[in-house]
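Structure first, commentary second.
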Amino acid sequence: MFVDLLLGLQWGDEGKGKIVDAISAEYSIISRFQGGPNAGHTIKIGNNSHVLHTIPSGIFHNNLINIIGNGVVIDPIIFEKEILKLSDSNIDFKKNLLISKKAHLIIPTHCLLDQASEKSKGIKKIGSTLKGIGPTYMDKTGRNGIRIGDIFIEGWKTQYAKLKNKHLNIINSLNVDISFNLKKLEDTFFESIEFLKKFSIIDSENFLFDSLRGGKKILAEGAQGSMLDIDFGTYPYVTSSNTTAAGACSGLGIPPTKINKVIGIFKAYTTRVGSGPFPSEIFDDIGEKISRVGNEFGATTGRARRCGWLDLVSLKYAVDINGVTELAIMKSDVMSGINKIKVCTAYTQFGKEISRMPFSLNSASISPIYSEFDGWNEDITNIKSESQLPINLKKYILFIEKKLGVPIKIISVGPKRDQTIYR
Ligand code: GDP
Ligand code: IMO
Ligand code: MG
């Protein structure tokens, strides 16, 4: 078995990009399997921070193949910008980046529809990144979408025009005020399509079958997090793809029987961008401190991330759904200097204690039950071995492992590659 999965277990931004980059050398191929430019995966190399939206996080290793799988949705305008931003990084994109013909295309009116839809929802808006993700997956499952392979087929612009008109009609019917210059958007879009055509666009599932037969090791990189999964997340405040393990099979064409490790990434606390329930959210000074020290601002939209305590109810749920075999705890360095650390171990709902995820968290009647831990004060960002970690952090880690029943194999103590402790 040669495919390992790497997934976020919370509401995204757990630090997936950092760990993919850090462990990439063990693999021959890194493949993104879902999501699109709603993702922002940060990789810090030396003093440079790179944020990837569509490109897999193995791209800084020049001996690796990176695949954008069929389950991903691609905005050619954002893709072009992303590539151009990396022009100083000496990457051979033609060789090291492959794109699935079956990935779906985000067109400008998908983004406009996202905007109009959010506006029409008023205070009930999802808090979308407005990158057109929901509308594009809607067209995919509605069997109206355009795939990357289509842009090479003569007459695809007729398909494009039909889809655009459908979107404009829906936008009209939503009766909200959004302003746009479609002509300008389309000019940029079609220029970016020409840019995109120059890349290696392939039947990536076949490439992956051959690679598996050839004994190559593949890492499947997830975007977003389990609590944003379209089926198992905090619906409707979710994204529009399966962010969980099964999404890797459908989003790459990989058989479940080939999956080996499932690496679950989580922060030592919890964050969430956008709307939706968040039982362990912190509203006091400690939340503000975590946000400041952890620099909790969205890598894609710059929005402030809401911060809260670690929630072991939702984390256990994510571990179960994904079949996580090992964990990586991120950003424990951010918790240094907090006197008392809380961990949510159960909820109360309608006055009753529950320890499993209920049907919905969208209710004011849900509140967290906490266990409390003594914190640590030491700066841990330069620590290289587990034995040097503060005793209270070790106790915290042990408690989490026991509750989740899965070993924590990686302890991340900073954003850089070498700020990673392997156990
Ligand atoms: P992703 O979407 O899961 O890849 O995560 P993001 O890149 O959106 O957000 C994670 C942020 O935390 C980035 O700014 C990373 O550079 C940073 N980061 C990752 N691991 C650590 C860590 O262990 N400690 C600290 N302080 N920052 C980290
Ligand atoms: P990475 O891969 C955190 C959130 C949005 C919003 C909801 C729906 O960097 O972890 P969408 O744009 O998909 O319609 O937004 O999902 N969201 C993310 N939050 N990290 C992400 O990706 C996210 N991608 C989407 O904030 O609440
Ligand atoms: Mg992110």
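Naming scheme: A, B, ... for chains in displayed order of the structure tokens; residues 1 onward per chain; ligands 1 onward as shown.
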Give me, as a Markdown table, the closest atom pair and its distance (Å, one decimal) for every residue of chain A within a cut-off of 8 Å of ligand 2, counting only C-alpha atoms and all ligand atoms, rows sorted by chain and rising number.
| residue | atom | partner | partner_atom_place_in_ligand_line | distance |
| --- | --- | --- | --- | --- |
| A:Gly8 | CA | ligand 2 | 10 (O) | 6.9 |
| A:Trp11 | CA | ligand 2 | 3 (C) | 5.7 |
| A:Gly12 | CA | ligand 2 | 10 (O) | 3.3 |
| A:Asp13 | CA | ligand 2 | 10 (O) | 3.8 |
| A:Glu14 | CA | ligand 2 | 10 (O) | 6.4 |
| A:Gly15 | CA | ligand 2 | 10 (O) | 7.7 |
| A:Lys16 | CA | ligand 2 | 10 (O) | 7.3 |
| A:Gly35 | CA | ligand 2 | 13 (O) | 7.3 |
| A:Pro37 | CA | ligand 2 | 24 (N) | 7.9 |
| A:Asn38 | CA | ligand 2 | 24 (N) | 4.4 |
| A:Ala39 | CA | ligand 2 | 22 (O) | 3.6 |
| A:Gly40 | CA | ligand 2 | 9 (O) | 3.8 |
| A:His41 | CA | ligand 2 | 9 (O) | 5.2 |
| A:His53 | CA | ligand 2 | 9 (O) | 7.6 |
| A:Asp114 | CA | ligand 2 | 14 (O) | 7.6 |
| A:Ile126 | CA | ligand 2 | 27 (O) | 5.7 |
| A:Gly127 | CA | ligand 2 | 27 (O) | 4.7 |
| A:Ser128 | CA | ligand 2 | 15 (O) | 3.4 |
| A:Thr129 | CA | ligand 2 | 12 (O) | 3.7 |
| A:Leu130 | CA | ligand 2 | 12 (O) | 5.4 |
| A:Lys131 | CA | ligand 2 | 12 (O) | 5.7 |
| A:Gly132 | CA | ligand 2 | 14 (O) | 6.9 |
| A:Ile133 | CA | ligand 2 | 14 (O) | 5.3 |
| A:Gly134 | CA | ligand 2 | 14 (O) | 5.3 |
| A:Gly222 | CA | ligand 2 | 2 (O) | 7.1 |
| A:Ala223 | CA | ligand 2 | 2 (O) | 3.6 |
| A:Gln224 | CA | ligand 2 | 10 (O) | 3.5 |
| A:Gly225 | CA | ligand 2 | 10 (O) | 6.0 |
| A:Leu228 | CA | ligand 2 | 16 (O) | 6.0 |
| A:Tyr237 | CA | ligand 2 | 7 (C) | 6.1 |
| A:Val238 | CA | ligand 2 | 7 (C) | 4.9 |
| A:Thr239 | CA | ligand 2 | 13 (O) | 3.9 |
| A:Ser240 | CA | ligand 2 | 13 (O) | 6.1 |
| A:Arg272 | CA | ligand 2 | 19 (N) | 6.3 |
| A:Val273 | CA | ligand 2 | 26 (O) | 4.4 |
| A:Gly274 | CA | ligand 2 | 27 (O) | 3.7 |
| A:Ser275 | CA | ligand 2 | 27 (O) | 5.5 |
| A:Gly276 | CA | ligand 2 | 27 (O) | 7.2 |
| A:Gly298 | CA | ligand 2 | 3 (C) | 7.1 |
| A:Ala299 | CA | ligand 2 | 9 (O) | 6.8 |
| A:Thr300 | CA | ligand 2 | 9 (O) | 7.2 |
DSSP strand (DSSP E) residues within range 25-206 of chain A, listed as a ChimeraX atom specification: /A:29-32,41-45,48-52,65-68,73-74,97-100,104-105,200-202
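Take the candidates A:Gly215, A:Pro277, A:Gly302, A:Gly287 and check each one against ligand 3 using only C-alpha atoms and all ligand atoms; the shortest distance goes to A:Gly302.
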Taking only C-alpha atoms and all ligand atoms into account, which of A:Lys316, A:Ile83, A:Phe297, A:Glu186 comes nearest ligand 3?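 Result for the nearest residue to ligand 3: A:Phe297.
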Rank A:Lys198, A:Arg305, A:Arg292, A:Lys184 by their smallest atom-to-atom distance to ligand 3, using only C-alpha atoms and all ligand atoms, and report the top residue only.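 Smallest distance to ligand 3 is found for A:Arg305.
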Top pick for closest residue to ligand 3, considering A:Asp187, A:Asp311, A:Glu296, A:Glu82 and counting only C-alpha atoms and all ligand atoms: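 Once distances to ligand 3 are computed over only C-alpha atoms and all ligand atoms, the minimum belongs to A:Glu296.
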Choose the residue, out of A:Leu98, A:Leu252, A:Ile354, A:Met138, that has the smallest atom-to-atom separation from Gly69 in chain A; count only C-alpha atoms.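 That would be A:Leu252, the residue with the smallest distance to Gly69 in chain A.
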Quick one: residues within 12 Å of Asp333 in chain A, only C-alpha atoms counted, chain neighbours fewer than 3 positions away excluded, as number ranges by chain? A: 267-269, 290, 293-294, 329-330, 336-338, 375-383, 389-390, 393, 411-415, 419-420
Please list as a PyMOL selection string every residue within 10 Å of Pro255 in chain A, counting only C-alpha atoms and excluding residues in the same chain fewer than 3 positions away. chain A and resi 3+209+246+248-250+252+258-259
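Shortest atom-to-atom contact with ligand 1 among A:Leu112, A:Ala328, A:Leu163, A:Ile321: A:Ala328, counting only C-alpha atoms and all ligand atoms.
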List the neighbours of Gly122 in chain A out to 12 Å using only C-alpha atoms; skip same-chain residues closer than 6 positions along the sequence, and give me the result as a ChimeraX atom specification. /A:115-116,174,176,275
Store the residues picked out above in a file with N, CA, C and O atoms, as a CSV table (one decimal), in the first residue's frame.
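Wrote it out as out13.csv, contents follow:
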chain,number,residue,atom,x,y,z
A,115,GLN,N,-20.9,35.4,-4.5
A,115,GLN,CA,-21.2,36.7,-3.9
A,115,GLN,C,-22.7,37.0,-3.7
A,115,GLN,O,-23.1,37.4,-2.6
A,116,ALA,N,-23.4,36.8,-4.8
A,116,ALA,CA,-24.9,37.1,-4.7
A,116,ALA,C,-25.6,36.2,-3.8
A,116,ALA,O,-26.4,36.6,-3.0
A,174,LEU,N,-31.9,36.5,-7.7
A,174,LEU,CA,-31.6,36.6,-6.2
A,174,LEU,C,-31.9,38.0,-5.7
A,174,LEU,O,-32.0,38.3,-4.5
A,176,VAL,N,-30.2,40.9,-5.5
A,176,VAL,CA,-29.3,41.6,-4.6
A,176,VAL,C,-28.4,42.5,-5.5
A,176,VAL,O,-28.3,42.3,-6.7
A,275,SER,N,-18.6,32.0,9.2
A,275,SER,CA,-19.7,31.8,10.2
A,275,SER,C,-19.8,30.3,10.6
A,275,SER,O,-19.2,29.5,10.1
I want to know what sits within 8 Å of Ser280 in chain A, based on only C-alpha atoms, with residues of the same chain fewer than 5 positions away left out; could you give that as a list in words? Thr270, Gly308, Trp309, Leu310, Asp311, Cys344, Ser367 and Pro368 of chain A
DSSP on the backbone, then: every residue of range 54-220 of chain A marked alpha helix (DSSP H), written as a PyMOL selection string. chain A and resi 76-85+93-96+108-121+133-141+156-174+182-197+204-213
Name all residues at most 7 Å from Ile366 in chain A (count only C-alpha atoms; drop same-chain ones fewer than 5 positions away) and give them as a PyMOL selection string. chain A and resi 279+347-349+361
Those residues you just picked out, can you put them in a file as a tab-separated table (two decimals), in the first residue's frame with N, CA and C atoms?
chain	number	residue	atom	x	y	z
A	279	PRO	N	-18.48	25.67	19.51
A	279	PRO	CA	-18.79	25.58	20.94
A	279	PRO	C	-17.68	26.05	21.86
A	347	TYR	N	-20.10	17.99	25.60
A	347	TYR	CA	-21.00	19.16	25.52
A	347	TYR	C	-22.18	18.90	26.45
A	348	THR	N	-22.87	19.97	26.80
A	348	THR	CA	-24.22	19.75	27.33
A	348	THR	C	-25.20	20.22	26.26
A	349	GLN	N	-26.23	19.44	26.08
A	349	GLN	CA	-27.29	19.80	25.13
A	349	GLN	C	-28.61	19.62	25.84
A	361	LEU	N	-24.61	21.24	15.48
A	361	LEU	CA	-24.08	22.08	16.57
A	361	LEU	C	-24.74	23.46	16.52
